[in-house]
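Participant: Have a look at this one before I ask anything.
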Amino acid sequence: MAFPVEMKWIHATQEKLGVKFPTSFIVAMSKCNGGGIETEMDSWSVFPFWDASDKKRLKRTCNSIDRETQSAREGWFGFPSDGVAIAGGMCGDVMLLLPMRDAPDTLQHTIYWWDHETGDVHWLADDFGDL
């Protein structure tokens, strides 16, 4: 079950990863931290921002964006080293954000998916709000 998240936890994740998330993603996640998304290609479990404000939220956010991103970068062959994992698909693929070419500390609005079988990155949507 998804729930709102305070901005301090979003800022903490941005600081930890060294990136700025797109505004539309921040707005959506601040209202509903995690949850699920259905697309034509897969059902996705959205990774939440880590939230340690109480025990219940701490338990519900242990699969946080920063943790899942670290795991993907270190353990999955072909996952982009600058990619930020934001959701996991039912078949093992990962929804991700990539940095802007001219501002590597700022993530694009475009949503991509990483194919765990081939290591290829594909376009999924122009913006998180389009999903």
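Chain identifiers are assigned as A, B, and so on, following the order in which chains appear in the structure tokens; residues are numbered from 1 within each chain, and ligands are numbered from 1 in order of appearance.
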Identify, on the basis of only C-alpha atoms, every residue whose closest approach to Lys16 (chain A) does not exceed 12 Å; exclude the query and any residue fewer than 2 positions from it along the same chain; express the result as number ranges by chain.

Facilitator: A: 9-14, 18-20, 49-50, 64-67, 69-70, 84, 105

Participant: Could you write those residues out with N, CA and C atoms, as a JSON list (two decimals), in the first residue's frame?

Facilitator:
[["chain", "number", "residue", "atom", "x", "y", "z"],
["A", 9, "TRP", "N", 12.66, 13.16, 2.78],
["A", 9, "TRP", "CA", 13.12, 11.82, 2.39],
["A", 9, "TRP", "C", 13.47, 11.79, 0.90],
["A", 10, "ILE", "N", 12.76, 12.55, 0.10],
["A", 10, "ILE", "CA", 13.10, 12.67, -1.33],
["A", 10, "ILE", "C", 14.44, 13.37, -1.47],
["A", 11, "HIS", "N", 14.64, 14.45, -0.73],
["A", 11, "HIS", "CA", 15.92, 15.17, -0.77],
["A", 11, "HIS", "C", 17.07, 14.28, -0.31],
["A", 12, "ALA", "N", 16.83, 13.46, 0.71],
["A", 12, "ALA", "CA", 17.88, 12.56, 1.21],
["A", 12, "ALA", "C", 18.30, 11.57, 0.13],
["A", 13, "THR", "N", 17.34, 11.05, -0.63],
["A", 13, "THR", "CA", 17.66, 10.11, -1.71],
["A", 13, "THR", "C", 18.41, 10.82, -2.82],
["A", 14, "GLN", "N", 17.98, 12.02, -3.16],
["A", 14, "GLN", "CA", 18.70, 12.79, -4.19],
["A", 14, "GLN", "C", 20.15, 13.02, -3.77],
["A", 18, "GLY", "N", 23.22, 11.57, -5.67],
["A", 18, "GLY", "CA", 23.90, 12.65, -6.38],
["A", 18, "GLY", "C", 23.15, 13.12, -7.62],
["A", 19, "VAL", "N", 21.82, 13.02, -7.58],
["A", 19, "VAL", "CA", 21.00, 13.42, -8.73],
["A", 19, "VAL", "C", 19.77, 14.20, -8.26],
["A", 20, "LYS", "N", 19.16, 14.89, -9.21],
["A", 20, "LYS", "CA", 17.88, 15.57, -8.97],
["A", 20, "LYS", "C", 16.83, 14.86, -9.81],
["A", 49, "PHE", "N", 10.66, 5.99, -2.09],
["A", 49, "PHE", "CA", 11.74, 6.71, -1.43],
["A", 49, "PHE", "C", 11.83, 6.16, -0.01],
["A", 50, "TRP", "N", 13.05, 5.93, 0.48],
["A", 50, "TRP", "CA", 13.24, 5.45, 1.84],
["A", 50, "TRP", "C", 12.66, 6.46, 2.81],
["A", 64, "SER", "N", 13.83, 0.55, -1.26],
["A", 64, "SER", "CA", 13.86, 1.94, -1.71],
["A", 64, "SER", "C", 14.61, 2.15, -3.03],
["A", 65, "ILE", "N", 14.36, 3.29, -3.63],
["A", 65, "ILE", "CA", 15.00, 3.65, -4.90],
["A", 65, "ILE", "C", 16.51, 3.58, -4.79],
["A", 66, "ASP", "N", 17.08, 4.14, -3.74],
["A", 66, "ASP", "CA", 18.54, 4.15, -3.62],
["A", 66, "ASP", "C", 19.10, 2.73, -3.44],
["A", 67, "ARG", "N", 18.42, 1.91, -2.68],
["A", 67, "ARG", "CA", 18.88, 0.53, -2.48],
["A", 67, "ARG", "C", 18.77, -0.30, -3.76],
["A", 69, "THR", "N", 18.66, 0.83, -6.80],
["A", 69, "THR", "CA", 19.61, 1.37, -7.78],
["A", 69, "THR", "C", 21.01, 0.83, -7.53],
["A", 70, "GLN", "N", 21.43, 0.83, -6.28],
["A", 70, "GLN", "CA", 22.75, 0.30, -5.93],
["A", 70, "GLN", "C", 22.86, -1.17, -6.31],
["A", 84, "VAL", "N", 19.01, 5.17, -12.73],
["A", 84, "VAL", "CA", 18.37, 5.14, -11.42],
["A", 84, "VAL", "C", 17.11, 4.27, -11.54],
["A", 105, "ASP", "N", 23.85, 15.52, -13.31],
["A", 105, "ASP", "CA", 23.29, 15.43, -11.97],
["A", 105, "ASP", "C", 21.77, 15.63, -11.96]]

Participant: List every residue of region 40-101 of chain A that DSSP, applied to the backbone of this structure, assigns to helix (DSSP H, G or I), and report them as a compact mmCIF listing (two decimals) with C-alpha atoms, in the first residue's frame.

Facilitator:
# COMPACT_ATOMS: atom_id res chain seq x y z
CA LYS A 55 8.58 1.70 11.98
CA LYS A 56 5.71 1.03 9.58
CA ARG A 57 7.10 3.30 6.87
CA LEU A 58 10.62 2.04 7.43
CA LYS A 59 9.46 -1.53 6.81
CA ARG A 60 7.41 -0.54 3.76
CA ILE A 65 15.00 3.65 -4.90
CA ASP A 66 18.54 4.15 -3.62
CA ARG A 67 18.88 0.53 -2.48
CA GLU A 68 17.44 -0.95 -5.68
CA THR A 69 19.61 1.37 -7.78
CA GLN A 70 22.75 0.30 -5.93
CA SER A 71 21.80 -3.35 -6.34
CA ALA A 72 21.16 -2.94 -10.07
CA ARG A 73 24.39 -1.04 -10.68
CA GLU A 74 26.51 -3.53 -8.77
CA GLY A 75 24.83 -6.80 -9.59

Participant: Could you check the closest approach to Gly83 (chain A) for each of A:Thr39, A:Cys62, A:Ser53, A:Val121 and tell me which residue wins, using only C-alpha atoms?

Facilitator: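 Checking each of A:Thr39, A:Cys62, A:Ser53, A:Val121 against Gly83 (chain A), counting only C-alpha atoms, the winner is A:Val121.
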
Participant: Give me the residues within 7 Å of region 26-30 of chain A as a ChimeraX atom specification, counting only C-alpha atoms and dropping any in the same chain fewer than 5 places off.

Facilitator: /A:4-7,21

Participant: I'd like the contact shell of Met95 (chain A) - 7 Å cut-off, only C-alpha atoms, skipping same-chain residues fewer than 3 positions apart - returned as a list in words.

Facilitator: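 Near neighbours after the sequence-gap exclusion: Ala85, Ile86, Ala87, Gly88, Tyr112, Trp113 and Trp114 of chain A.
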
Participant: For a quick check of understanding, using only C-alpha atoms, which of A:Met100, A:Leu131, A:Met41, A:Cys91 has the smallest distance to Glu117 (chain A)?

Facilitator: A:Cys91
